[in-house]
$ cat target35.cif   # mmCIF, C-alpha atoms and all ligand atoms
data_work
#
loop_
_atom_site.label_atom_id
_atom_site.label_comp_id
_atom_site.auth_asym_id
_atom_site.auth_seq_id
_atom_site.Cartn_x
_atom_site.Cartn_y
_atom_site.Cartn_z
CA MET O 1 -7.84 28.03 11.12
CA LYS O 2 -5.22 28.47 8.37
CA THR O 3 -6.34 28.98 4.78
CA VAL O 4 -4.40 26.60 2.53
CA LEU O 5 -4.34 26.65 -1.26
CA ILE O 6 -3.94 23.27 -2.98
CA THR O 7 -3.05 23.56 -6.67
CA GLY O 8 -3.61 20.55 -8.91
CA ALA O 9 -6.35 19.61 -6.49
CA THR O 10 -8.30 17.34 -8.85
CA GLY O 11 -5.35 14.95 -9.40
CA ASP O 12 -4.81 11.74 -7.44
CA VAL O 13 -2.64 13.23 -4.70
CA GLY O 14 -4.80 16.37 -4.52
CA THR O 15 -7.95 14.31 -4.10
CA HIS O 16 -6.43 12.27 -1.25
CA LEU O 17 -5.05 15.38 0.43
CA SER O 18 -8.20 17.46 0.21
CA ARG O 19 -10.16 14.60 1.77
CA GLU O 20 -7.56 13.95 4.52
CA LEU O 21 -6.99 17.63 5.38
CA ALA O 22 -10.66 18.71 5.31
CA GLY O 23 -11.63 20.19 8.67
CA LYS O 24 -8.01 20.81 9.68
CA TYR O 25 -7.54 23.78 7.33
CA LYS O 26 -9.79 26.05 5.32
CA LEU O 27 -9.02 24.62 1.88
CA ARG O 28 -8.99 26.58 -1.35
CA LEU O 29 -8.77 24.01 -4.12
CA SER O 30 -7.57 24.95 -7.57
CA ASP O 31 -7.00 23.24 -10.93
CA ARG O 32 -7.30 23.77 -14.68
CA ARG O 33 -10.09 21.22 -14.71
CA PRO O 34 -13.32 22.45 -13.13
CA GLN O 35 -14.57 20.61 -10.08
CA THR O 36 -17.47 20.86 -7.68
CA PRO O 37 -15.70 21.14 -4.32
CA PRO O 38 -16.61 18.95 -1.35
CA LYS O 39 -18.81 20.72 1.24
CA GLY O 40 -16.98 23.40 3.19
CA GLN O 41 -14.18 23.82 0.61
CA SER O 42 -13.89 26.36 -2.18
CA PHE O 43 -12.72 25.78 -5.74
CA VAL O 44 -11.06 28.27 -8.12
CA LYS O 45 -10.44 27.29 -11.74
CA ALA O 46 -7.00 28.52 -12.82
CA ASP O 47 -4.20 27.84 -15.27
CA ILE O 48 -0.92 28.40 -13.42
CA SER O 49 0.98 28.87 -16.65
CA ASN O 50 -0.63 32.36 -16.56
CA MET O 51 0.89 34.65 -13.95
CA SER O 52 -2.40 36.52 -13.54
CA ASP O 53 -4.14 33.27 -12.53
CA ALA O 54 -1.29 32.39 -10.18
CA LEU O 55 -1.57 35.82 -8.51
CA ARG O 56 -5.34 35.47 -8.17
CA ILE O 57 -5.33 32.06 -6.47
CA THR O 58 -2.43 32.72 -4.07
CA LYS O 59 -3.89 35.94 -2.66
CA GLY O 60 -4.83 35.83 1.02
CA VAL O 61 -3.73 32.28 1.86
CA ASP O 62 -1.49 31.23 4.76
CA ALA O 63 0.23 28.37 2.93
CA ILE O 64 0.33 26.73 -0.48
CA VAL O 65 0.57 23.03 -1.32
CA HIS O 66 1.72 23.24 -4.92
CA LEU O 67 0.74 19.96 -6.59
CA GLY O 68 -0.26 21.43 -9.96
CA GLY O 69 1.82 20.26 -12.91
CA TYR O 70 2.64 17.43 -15.27
CA SER O 71 3.02 14.36 -13.09
CA VAL O 72 4.89 11.76 -15.17
CA GLU O 73 7.57 11.57 -17.87
CA GLY O 74 6.28 13.11 -21.09
CA PRO O 75 6.89 15.58 -23.91
CA TRP O 76 9.24 18.40 -22.93
CA LYS O 77 6.85 21.10 -24.14
CA ALA O 78 4.14 19.99 -21.74
CA ILE O 79 6.57 19.52 -18.85
CA PHE O 80 8.16 22.91 -19.48
CA GLN O 81 4.81 24.70 -19.54
CA ALA O 82 3.41 23.06 -16.42
CA ASN O 83 6.43 22.35 -14.23
CA ILE O 84 8.88 25.11 -15.11
CA ILE O 85 6.69 28.08 -16.06
CA GLY O 86 3.82 26.97 -13.78
CA CYS O 87 6.08 26.37 -10.79
CA TYR O 88 7.89 29.69 -11.26
CA ASN O 89 4.55 31.52 -11.47
CA VAL O 90 3.22 29.97 -8.26
CA PHE O 91 6.39 30.64 -6.23
CA GLU O 92 6.73 34.17 -7.60
CA ALA O 93 3.02 34.94 -7.10
CA ALA O 94 3.32 33.69 -3.51
CA ARG O 95 6.26 36.03 -2.94
CA ARG O 96 4.41 39.01 -4.40
CA ASN O 97 1.31 38.21 -2.33
CA GLY O 98 3.34 37.81 0.89
CA VAL O 99 2.65 34.07 1.30
CA LYS O 100 5.71 32.65 3.03
CA ARG O 101 5.04 28.93 3.39
CA ILE O 102 5.07 26.54 0.44
CA VAL O 103 4.88 22.76 0.56
CA PHE O 104 6.21 21.45 -2.74
CA PRO O 105 5.64 17.82 -3.53
CA THR O 106 8.70 17.05 -5.58
CA SER O 107 9.37 13.44 -6.54
CA ASN O 108 11.42 10.31 -6.11
CA HIS O 109 12.27 10.87 -9.80
CA ALA O 110 14.52 13.81 -8.79
CA VAL O 111 16.90 11.11 -7.50
CA GLY O 112 15.65 8.18 -9.58
CA PHE O 113 19.05 7.27 -11.04
CA TYR O 114 20.33 6.10 -7.65
CA ARG O 115 20.51 2.33 -7.64
CA ARG O 116 18.18 0.18 -5.65
CA ASP O 117 21.06 -1.26 -3.63
CA GLN O 118 21.81 2.24 -2.26
CA THR O 119 20.22 3.98 0.70
CA ILE O 120 20.06 7.74 0.21
CA ASP O 121 19.15 10.59 2.50
CA HIS O 122 17.98 14.17 1.90
CA ARG O 123 21.55 15.42 1.42
CA VAL O 124 22.54 13.38 -1.65
CA TYR O 125 23.28 15.09 -4.92
CA ILE O 126 20.37 15.05 -7.36
CA LYS O 127 20.16 12.26 -9.97
CA PRO O 128 17.01 12.89 -12.00
CA ASP O 129 15.86 9.98 -14.14
CA SER O 130 13.71 11.83 -16.70
CA ARG O 131 12.70 15.22 -18.05
CA TYR O 132 9.99 15.08 -15.42
CA GLY O 133 12.65 14.47 -12.72
CA VAL O 134 14.63 17.45 -14.00
CA SER O 135 11.52 19.64 -13.75
CA LYS O 136 11.09 18.59 -10.12
CA VAL O 137 14.72 19.49 -9.42
CA PHE O 138 13.94 22.90 -10.91
CA GLY O 139 11.21 23.36 -8.28
CA ASP O 140 13.59 22.28 -5.51
CA THR O 141 16.27 24.76 -6.55
CA LEU O 142 13.77 27.58 -7.09
CA GLY O 143 12.50 26.88 -3.57
CA SER O 144 16.05 27.07 -2.26
CA LEU O 145 16.56 30.43 -3.99
CA TYR O 146 13.31 31.86 -2.63
CA ALA O 147 14.15 30.64 0.89
CA ASP O 148 17.63 32.18 0.90
CA LYS O 149 16.88 35.35 -1.04
CA TYR O 150 13.37 36.23 0.13
CA GLY O 151 13.09 34.43 3.49
CA MET O 152 10.32 32.16 2.29
CA GLU O 153 9.66 28.85 4.07
CA MET O 154 10.00 25.89 1.75
CA PHE O 155 9.14 22.30 2.57
CA MET O 156 10.08 19.90 -0.23
CA VAL O 157 8.54 16.44 -0.10
CA ARG O 158 10.17 13.91 -2.45
CA ILE O 159 7.07 11.80 -2.84
CA GLY O 160 7.31 8.12 -3.69
CA ASN O 161 3.86 6.98 -4.71
CA VAL O 162 0.62 7.97 -2.99
CA HIS O 163 -2.04 5.29 -3.22
CA PRO O 164 -4.32 3.41 -0.84
CA PHE O 165 -1.98 0.38 -1.25
CA PRO O 166 1.40 -0.30 -2.94
CA LEU O 167 0.92 -1.13 -6.61
CA ASP O 168 4.01 -3.26 -7.35
CA LYS O 169 7.41 -4.41 -6.05
CA ARG O 170 9.07 -1.02 -6.65
CA ARG O 171 6.33 0.76 -4.75
CA LEU O 172 6.92 -1.54 -1.72
CA SER O 173 9.97 0.68 -1.20
CA ILE O 174 8.48 4.09 -2.01
CA TRP O 175 4.78 3.82 -1.17
CA ILE O 176 3.05 6.38 1.05
CA SER O 177 -0.48 5.98 2.32
CA PRO O 178 -2.97 8.87 2.10
CA ARG O 179 -2.97 9.38 5.87
CA ASP O 180 0.85 9.43 6.04
CA ILE O 181 1.19 11.99 3.21
CA ALA O 182 -1.45 14.11 4.98
CA GLN O 183 0.61 13.97 8.20
CA LEU O 184 3.78 14.97 6.36
CA VAL O 185 2.09 17.82 4.49
CA SER O 186 0.62 19.09 7.79
CA ILE O 187 4.15 19.19 9.23
CA GLY O 188 5.14 21.21 6.16
CA ILE O 189 2.30 23.66 6.76
CA ASP O 190 2.53 24.01 10.54
CA HIS O 191 6.05 23.25 11.75
CA PRO O 192 7.56 26.49 13.08
CA GLY O 193 10.92 27.71 11.85
CA ILE O 194 11.11 25.95 8.49
CA LYS O 195 13.57 27.61 6.09
CA PHE O 196 14.29 24.99 3.45
CA GLU O 197 13.84 21.30 4.13
CA ILE O 198 13.85 18.17 1.96
CA VAL O 199 12.08 15.07 3.24
CA TYR O 200 11.00 11.83 1.59
CA GLY O 201 7.30 11.19 1.17
CA ILE O 202 7.16 7.50 2.06
CA SER O 203 5.44 5.46 4.75
CA SER O 204 7.44 3.45 7.29
CA ASN O 205 8.37 0.88 4.64
CA LYS O 206 10.60 -2.04 5.63
CA ARG O 207 12.09 -2.05 2.10
CA ALA O 208 12.68 1.74 1.92
CA TRP O 209 15.65 3.02 -0.10
CA TYR O 210 15.60 6.29 1.81
CA ASP O 211 16.99 7.32 5.14
CA ASN O 212 14.14 9.62 6.12
CA SER O 213 15.68 10.87 9.35
CA ASN O 214 15.11 14.50 8.37
CA ALA O 215 11.35 13.91 8.32
CA ALA O 216 11.57 12.07 11.67
CA ARG O 217 13.52 15.00 13.13
CA LEU O 218 10.64 17.29 12.19
CA GLY O 219 8.12 15.02 13.91
CA TYR O 220 6.95 12.66 11.13
CA ARG O 221 5.67 9.37 12.57
CA PRO O 222 4.28 7.32 9.66
CA GLN O 223 1.57 4.86 10.59
CA ASP O 224 1.74 2.49 7.63
CA ASP O 225 4.27 0.05 6.16
CA ALA O 226 4.00 -1.35 2.62
CA GLU O 227 5.24 -4.69 3.96
CA ALA O 228 1.71 -5.52 5.10
CA HIS O 229 0.86 -5.86 1.37
CA ALA O 230 4.13 -7.50 0.25
CA ALA O 231 2.99 -11.11 -0.17
CA GLU O 232 0.04 -10.06 -2.34
CA VAL O 233 2.10 -7.59 -4.41
CA LEU O 234 4.98 -10.02 -5.03
CA ALA O 235 2.65 -12.85 -6.00
CA ARG O 236 1.31 -10.86 -8.93
CA GLU O 237 4.60 -9.17 -9.95
CA LYS O 238 5.76 -9.89 -13.52
CA PRO O 239 9.41 -9.51 -14.62
CA GLY O 240 10.07 -5.96 -15.84
CA ASP O 241 12.74 -4.19 -17.88
CA PRO O 242 16.09 -5.40 -16.42
CA VAL O 243 17.74 -1.97 -16.71
CA ALA O 244 14.79 -0.14 -15.15
CA GLU O 245 14.88 -2.60 -12.27
CA LEU O 246 18.40 -1.56 -11.31
CA TYR O 247 17.32 1.99 -10.53
CA GLN O 248 15.02 3.50 -7.95
CA GLY O 249 13.11 5.48 -10.61
CA GLY O 250 12.12 2.28 -12.44
CA ILE O 251 10.55 2.66 -15.85
CA PHE O 252 11.20 6.43 -15.98
CA THR O 253 14.93 5.66 -16.36
CA VAL O 254 14.33 3.96 -19.72
CA ALA O 255 11.14 5.61 -20.96
CA GLU O 256 11.32 8.27 -23.65
CA GLU O 257 7.81 9.54 -23.08
CA VAL O 258 5.11 8.14 -20.85
CA PRO O 259 1.68 9.49 -21.73
CA ASN O 260 0.05 11.33 -18.89
CA PRO O 261 -3.26 9.62 -18.16
CA ALA O 262 -4.49 12.86 -16.57
CA ALA O 263 -3.89 14.96 -19.71
CA PRO O 264 -7.04 16.30 -21.36
CA LYS O 265 -7.99 14.19 -24.36
CA GLY O 266 -8.46 15.88 -27.72
CA LYS O 267 -7.24 16.06 -31.28
CA LYS O 268 -3.48 16.21 -31.65
CA LYS O 269 -2.22 19.48 -33.13
CA LYS O 270 -0.52 19.01 -36.49
C1 LIG B 1 5.72 10.38 -9.48
O1 LIG B 1 6.43 11.33 -9.25
C2 LIG B 1 4.47 10.53 -10.26
O2 LIG B 1 3.85 11.78 -10.05
C3 LIG B 1 3.49 9.42 -10.01
O3 LIG B 1 2.52 9.48 -11.02
C4 LIG B 1 4.18 8.05 -10.01
O4 LIG B 1 4.72 7.79 -11.28
C5 LIG B 1 5.28 8.06 -8.97
O5 LIG B 1 6.16 9.13 -9.19
C6 LIG B 1 6.08 6.75 -8.94
O6 LIG B 1 7.29 6.78 -9.11
O7 LIG B 1 5.46 5.72 -8.70
#

$ encode --input "target35.cif" --output "structure tokens"
Amino acid sequence: MKTVLITGATGDVGTHLSRELAGKYKLRLSDRRPQTPPKGQSFVKADISNMSDALRITKGVDAIVHLGGYSVEGPWKAIFQANIIGCYNVFEAARRNGVKRIVFPTSNHAVGFYRRDQTIDHRVYIKPDSRYGVSKVFGDTLGSLYADKYGMEMFMVRIGNVHPFPLDKRRLSIWISPRDIAQLVSIGIDHPGIKFEIVYGISSNKRAWYDNSNAARLGYRPQDDAEAHAAEVLAREKPGDPVAELYQGGIFTVAEEVPNPAAPKGKKKK
């Protein structure tokens, strides 16, 4: 059984993935926030903005699912620390520890300034919609460098929104169910011969804005479709910002800073 490190394991996506992948891999969960791991899994507290922590957690694993980071639009300082320095540390620590395979959940916000009347595939030029989107593009390009220069195997998943059900009209296009993201991440861990691939992390949504044929080529067969929830979602939808509604990235395209609900609460530094 492969040993797989999941960084950012206590976040929403990490929690879904560690539940869905339990039993399939030997999971080493890691986060800044302490957690009591589910039975049969191990937990290592670490801050990936420190290289020494990144080296410690990546030692001896077969693959890494690097979820750790700042997960919404927010202050540049926080994004820089978590998603630029943290991402560099994890990829570089993996290289130094001889771990070849990394699954990097990047984001729909790397291409969020494409319009909703466009269908895009994995080959389009990037169009980040936020500082957060730019930080995800950084991870994509660092992955590309490490694949070409060091022969590492990089699987980039441009995730829409992972949730048990689609939350609003926009998410009817980009939603991915927990079991579908688990299937896609497993392809990223196990598919032989990966060099550098970009796929979209969405279910088989009728209203998708993405041509996800690259994921299908690699064997992805999503089981869910957001359309099953459409009537309910649309009935409760309220009109949003008209500019944000033009673009796939939604509110991130107009937001200056969106507070991260997952950020530790405390006194603001003066
Ligand atoms: C993301 O990339 C975020 O990590 C997540 O919190 C959601 O905002 C999601 O995109 C989305 O666009 O719904």

$ closest_residue --input "target35.cif" --among "O:Val65, O:Ala94, O:Val134, O:Ala228" --to "ligand LIG 1 (chain B)" --atoms "only C-alpha atoms and all ligand atoms"
O:Val134

$ closest_atom_pairs --input "target35.cif" --of "chain O" --to "ligand LIG 1 (chain B)" --cutoff "9 Å" --atoms "all atoms listed in the file" --output "CSV"
residue,atom,partner,partner_atom,distance
O:Asp12,CA,B:LIG1,O3,8.5
O:Val13,CA,B:LIG1,O2,8.5
O:Tyr70,CA,B:LIG1,O2,7.8
O:Ser71,CA,B:LIG1,O2,4.1
O:Val72,CA,B:LIG1,C2,5.1
O:Glu73,CA,B:LIG1,O4,8.1
O:Pro105,CA,B:LIG1,O1,8.7
O:Thr106,CA,B:LIG1,O1,7.2
O:Ser107,CA,B:LIG1,O1,4.5
O:Asn108,CA,B:LIG1,O1,6.0
O:His109,CA,B:LIG1,O1,5.9
O:Ala110,CA,B:LIG1,O1,8.5
O:Gly112,CA,B:LIG1,O6,8.5
O:Tyr132,CA,B:LIG1,O1,8.1
O:Gly133,CA,B:LIG1,O1,7.8
O:Lys136,CA,B:LIG1,O1,8.7
O:Arg158,CA,B:LIG1,O1,8.2
O:Ile159,CA,B:LIG1,O1,6.5
O:Gly160,CA,B:LIG1,C6,5.6
O:Asn161,CA,B:LIG1,O7,4.5
O:Val162,CA,B:LIG1,C5,7.6
O:Leu167,CA,B:LIG1,O7,8.5
O:Arg170,CA,B:LIG1,O7,7.9
O:Arg171,CA,B:LIG1,O7,6.4
O:Ile174,CA,B:LIG1,O7,7.5
O:Trp175,CA,B:LIG1,O7,7.8
O:Gln248,CA,B:LIG1,O6,8.5
O:Gly249,CA,B:LIG1,O6,6.1
O:Gly250,CA,B:LIG1,O6,7.4
O:Ile251,CA,B:LIG1,O6,8.5
O:Phe252,CA,B:LIG1,O6,7.9
O:Asn260,CA,B:LIG1,O3,8.5

$ residues_near_point --input "target35.cif" --point "(6.4, 27.8, -7.3)" --cutoff "12 Å" --atoms "all atoms listed in the file" --output "PyMOL selection string"
chain O and resi 7+48-49+51+54-55+58+63-69+82-96+99-106+135-147+152-156

$ atom_distance --input "target35.cif" --atom1 "CA of Tyr210 in chain O" --atom2 "CA of Asp121 in chain O"
5.6 Å

$ residues_around --input "target35.cif" --residues "Phe43 in chain O" --least-positions-apart "2" --cutoff "12 Å" --atoms "only C-alpha atoms" --output "PyMOL selection string"
chain O and resi 4-10+18+26-41+45-46+57

$ residues_around --input "target35.cif" --residues "Glu232 in chain O" --least-positions-apart "3" --cutoff "12 Å" --atoms "all atoms listed in the file" --output "MDAnalysis selection string"
chainID O and resid 165:169 172 226:229 235:237

$ write_last_selection --input "target35.cif" --atoms "C-alpha atoms" --output "PDB file, keeping the file's coordinate frame"
ATOM      1  CA  PHE O 165      -1.980   0.380  -1.250  1.00  0.00           C
ATOM      2  CA  PRO O 166       1.400  -0.300  -2.940  1.00  0.00           C
ATOM      3  CA  LEU O 167       0.920  -1.130  -6.610  1.00  0.00           C
ATOM      4  CA  ASP O 168       4.010  -3.260  -7.350  1.00  0.00           C
ATOM      5  CA  LYS O 169       7.410  -4.410  -6.050  1.00  0.00           C
ATOM      6  CA  LEU O 172       6.920  -1.540  -1.720  1.00  0.00           C
ATOM      7  CA  ALA O 226       4.000  -1.350   2.620  1.00  0.00           C
ATOM      8  CA  GLU O 227       5.240  -4.690   3.960  1.00  0.00           C
ATOM      9  CA  ALA O 228       1.710  -5.520   5.100  1.00  0.00           C
ATOM     10  CA  HIS O 229       0.860  -5.860   1.370  1.00  0.00           C
ATOM     11  CA  ALA O 235       2.650 -12.850  -6.000  1.00  0.00           C
ATOM     12  CA  ARG O 236       1.310 -10.860  -8.930  1.00  0.00           C
ATOM     13  CA  GLU O 237       4.600  -9.170  -9.950  1.00  0.00           C
TER      14      GLU O 237
END

$ atom_distance --input "target35.cif" --atom1 "CA of Pro242 in chain O" --atom2 "CA of Val124 in chain O"
24.7 Å

$ atom_distance --input "target35.cif" --atom1 "CA of Ile189 in chain O" --atom2 "CA of Glu20 in chain O"
14.0 Å

$ closest_residue --input "target35.cif" --among "O:Gly201, O:Pro178, O:Pro239, O:Pro192" --to "Thr15 in chain O" --atoms "only C-alpha atoms"
O:Pro178

$ closest_residue --input "target35.cif" --among "O:Ile194, O:Val243, O:Val157, O:Ile187" --to "Asn212 in chain O" --atoms "only C-alpha atoms"
O:Val157

$ residues_around --input "target35.cif" --residues "Arg116 in chain O" --least-positions-apart "4" --cutoff "8 Å" --atoms "all atoms listed in the file" --output "number ranges by chain"
O: 209, 245-248

$ residues_around --input "target35.cif" --residues "Ser173 in chain O" --least-positions-apart "5" --cutoff "7 Å" --atoms "only C-alpha atoms" --output "JSON, numbers by chain"
{"O": [205, 207, 208, 209]}

$ write_last_selection --input "target35.cif" --atoms "C-alpha atoms" --output "PDB file, in the coordinates of the input"
ATOM      1  CA  ASN O 205       8.370   0.880   4.640  1.00  0.00           C
ATOM      2  CA  ARG O 207      12.090  -2.050   2.100  1.00  0.00           C
ATOM      3  CA  ALA O 208      12.680   1.740   1.920  1.00  0.00           C
ATOM      4  CA  TRP O 209      15.650   3.020  -0.100  1.00  0.00           C
TER       5      TRP O 209
END

$ closest_residue --input "target35.cif" --among "O:Asp211, O:Asp62, O:Asp225, O:Glu257" --to "Arg131 in chain O" --atoms "only C-alpha atoms"
O:Glu257

$ closest_residue --input "target35.cif" --among "O:Ala182, O:Phe113, O:Lys127, O:Gln81" --to "Asn50 in chain O" --atoms "all atoms listed in the file"
O:Gln81

$ closest_residue --input "target35.cif" --among "O:Lys24, O:Asn97, O:Tyr114, O:Asp129" --to "Glu256 in chain O" --atoms "all atoms listed in the file"
O:Asp129

$ build_atoms --input "target35.cif" --residues "range 84-94 of chain O" --atoms "all heavy atoms" --output "mmCIF file, in the frame of the given file"
data_model
loop_
_atom_site.group_PDB
_atom_site.id
_atom_site.type_symbol
_atom_site.label_atom_id
_atom_site.label_comp_id
_atom_site.auth_asym_id
_atom_site.auth_seq_id
_atom_site.Cartn_x
_atom_site.Cartn_y
_atom_site.Cartn_z
ATOM 1 N N ILE O 84 7.856 24.061 -15.207
ATOM 2 C CA ILE O 84 8.880 25.110 -15.110
ATOM 3 C C ILE O 84 8.160 26.465 -15.024
ATOM 4 O O ILE O 84 8.229 27.149 -14.002
ATOM 5 C CB ILE O 84 9.855 25.071 -16.322
ATOM 6 C CG1 ILE O 84 10.464 23.662 -16.495
ATOM 7 C CG2 ILE O 84 10.930 26.142 -16.173
ATOM 8 C CD1 ILE O 84 11.452 23.213 -15.476
ATOM 9 N N ILE O 85 7.393 26.780 -16.083
ATOM 10 C CA ILE O 85 6.690 28.080 -16.060
ATOM 11 C C ILE O 85 5.657 28.083 -14.917
ATOM 12 O O ILE O 85 5.597 29.033 -14.132
ATOM 13 C CB ILE O 85 5.999 28.328 -17.416
ATOM 14 C CG1 ILE O 85 7.069 28.420 -18.508
ATOM 15 C CG2 ILE O 85 5.138 29.592 -17.366
ATOM 16 C CD1 ILE O 85 6.556 28.681 -19.896
ATOM 17 N N GLY O 86 4.880 27.021 -14.809
ATOM 18 C CA GLY O 86 3.820 26.970 -13.780
ATOM 19 C C GLY O 86 4.398 27.074 -12.370
ATOM 20 O O GLY O 86 3.883 27.809 -11.530
ATOM 21 N N CYS O 87 5.471 26.358 -12.125
ATOM 22 C CA CYS O 87 6.080 26.370 -10.790
ATOM 23 C C CYS O 87 6.647 27.759 -10.479
ATOM 24 O O CYS O 87 6.428 28.311 -9.388
ATOM 25 C CB CYS O 87 7.160 25.304 -10.710
ATOM 26 S SG CYS O 87 7.979 25.223 -9.131
ATOM 27 N N TYR O 88 7.351 28.339 -11.456
ATOM 28 C CA TYR O 88 7.890 29.690 -11.260
ATOM 29 C C TYR O 88 6.758 30.665 -10.925
ATOM 30 O O TYR O 88 6.850 31.470 -9.981
ATOM 31 C CB TYR O 88 8.644 30.173 -12.511
ATOM 32 C CG TYR O 88 9.076 31.610 -12.351
ATOM 33 C CD1 TYR O 88 10.193 31.936 -11.599
ATOM 34 C CD2 TYR O 88 8.302 32.652 -12.901
ATOM 35 C CE1 TYR O 88 10.564 33.259 -11.403
ATOM 36 C CE2 TYR O 88 8.668 33.976 -12.702
ATOM 37 C CZ TYR O 88 9.794 34.271 -11.958
ATOM 38 O OH TYR O 88 10.140 35.581 -11.746
ATOM 39 N N ASN O 89 5.673 30.587 -11.687
ATOM 40 C CA ASN O 89 4.550 31.520 -11.470
ATOM 41 C C ASN O 89 3.975 31.388 -10.059
ATOM 42 O O ASN O 89 3.691 32.391 -9.399
ATOM 43 C CB ASN O 89 3.454 31.270 -12.499
ATOM 44 C CG ASN O 89 3.824 31.799 -13.878
ATOM 45 O OD1 ASN O 89 4.821 32.508 -14.037
ATOM 46 N ND2 ASN O 89 3.037 31.451 -14.884
ATOM 47 N N VAL O 90 3.817 30.159 -9.598
ATOM 48 C CA VAL O 90 3.220 29.970 -8.260
ATOM 49 C C VAL O 90 4.153 30.491 -7.169
ATOM 50 O O VAL O 90 3.727 31.210 -6.260
ATOM 51 C CB VAL O 90 2.839 28.487 -8.035
ATOM 52 C CG1 VAL O 90 2.449 28.230 -6.585
ATOM 53 C CG2 VAL O 90 1.681 28.093 -8.966
ATOM 54 N N PHE O 91 5.455 30.169 -7.258
ATOM 55 C CA PHE O 91 6.390 30.640 -6.230
ATOM 56 C C PHE O 91 6.500 32.171 -6.259
ATOM 57 O O PHE O 91 6.513 32.826 -5.225
ATOM 58 C CB PHE O 91 7.784 30.008 -6.421
ATOM 59 C CG PHE O 91 7.879 28.540 -6.058
ATOM 60 C CD1 PHE O 91 6.749 27.755 -5.885
ATOM 61 C CD2 PHE O 91 9.116 27.931 -5.878
ATOM 62 C CE1 PHE O 91 6.840 26.397 -5.561
ATOM 63 C CE2 PHE O 91 9.225 26.582 -5.541
ATOM 64 C CZ PHE O 91 8.091 25.814 -5.394
ATOM 65 N N GLU O 92 6.581 32.717 -7.463
ATOM 66 C CA GLU O 92 6.730 34.170 -7.600
ATOM 67 C C GLU O 92 5.449 34.888 -7.163
ATOM 68 O O GLU O 92 5.503 35.927 -6.488
ATOM 69 C CB GLU O 92 7.117 34.503 -9.048
ATOM 70 C CG GLU O 92 7.180 35.973 -9.409
ATOM 71 C CD GLU O 92 8.190 36.794 -8.598
ATOM 72 O OE1 GLU O 92 9.053 36.241 -7.902
ATOM 73 O OE2 GLU O 92 8.076 38.048 -8.659
ATOM 74 N N ALA O 93 4.300 34.329 -7.513
ATOM 75 C CA ALA O 93 3.020 34.940 -7.100
ATOM 76 C C ALA O 93 2.904 34.890 -5.571
ATOM 77 O O ALA O 93 2.441 35.853 -4.939
ATOM 78 C CB ALA O 93 1.853 34.201 -7.750
ATOM 79 N N ALA O 94 3.355 33.791 -4.975
ATOM 80 C CA ALA O 94 3.320 33.690 -3.510
ATOM 81 C C ALA O 94 4.185 34.797 -2.897
ATOM 82 O O ALA O 94 3.773 35.494 -1.967
ATOM 83 C CB ALA O 94 3.841 32.316 -3.082
#
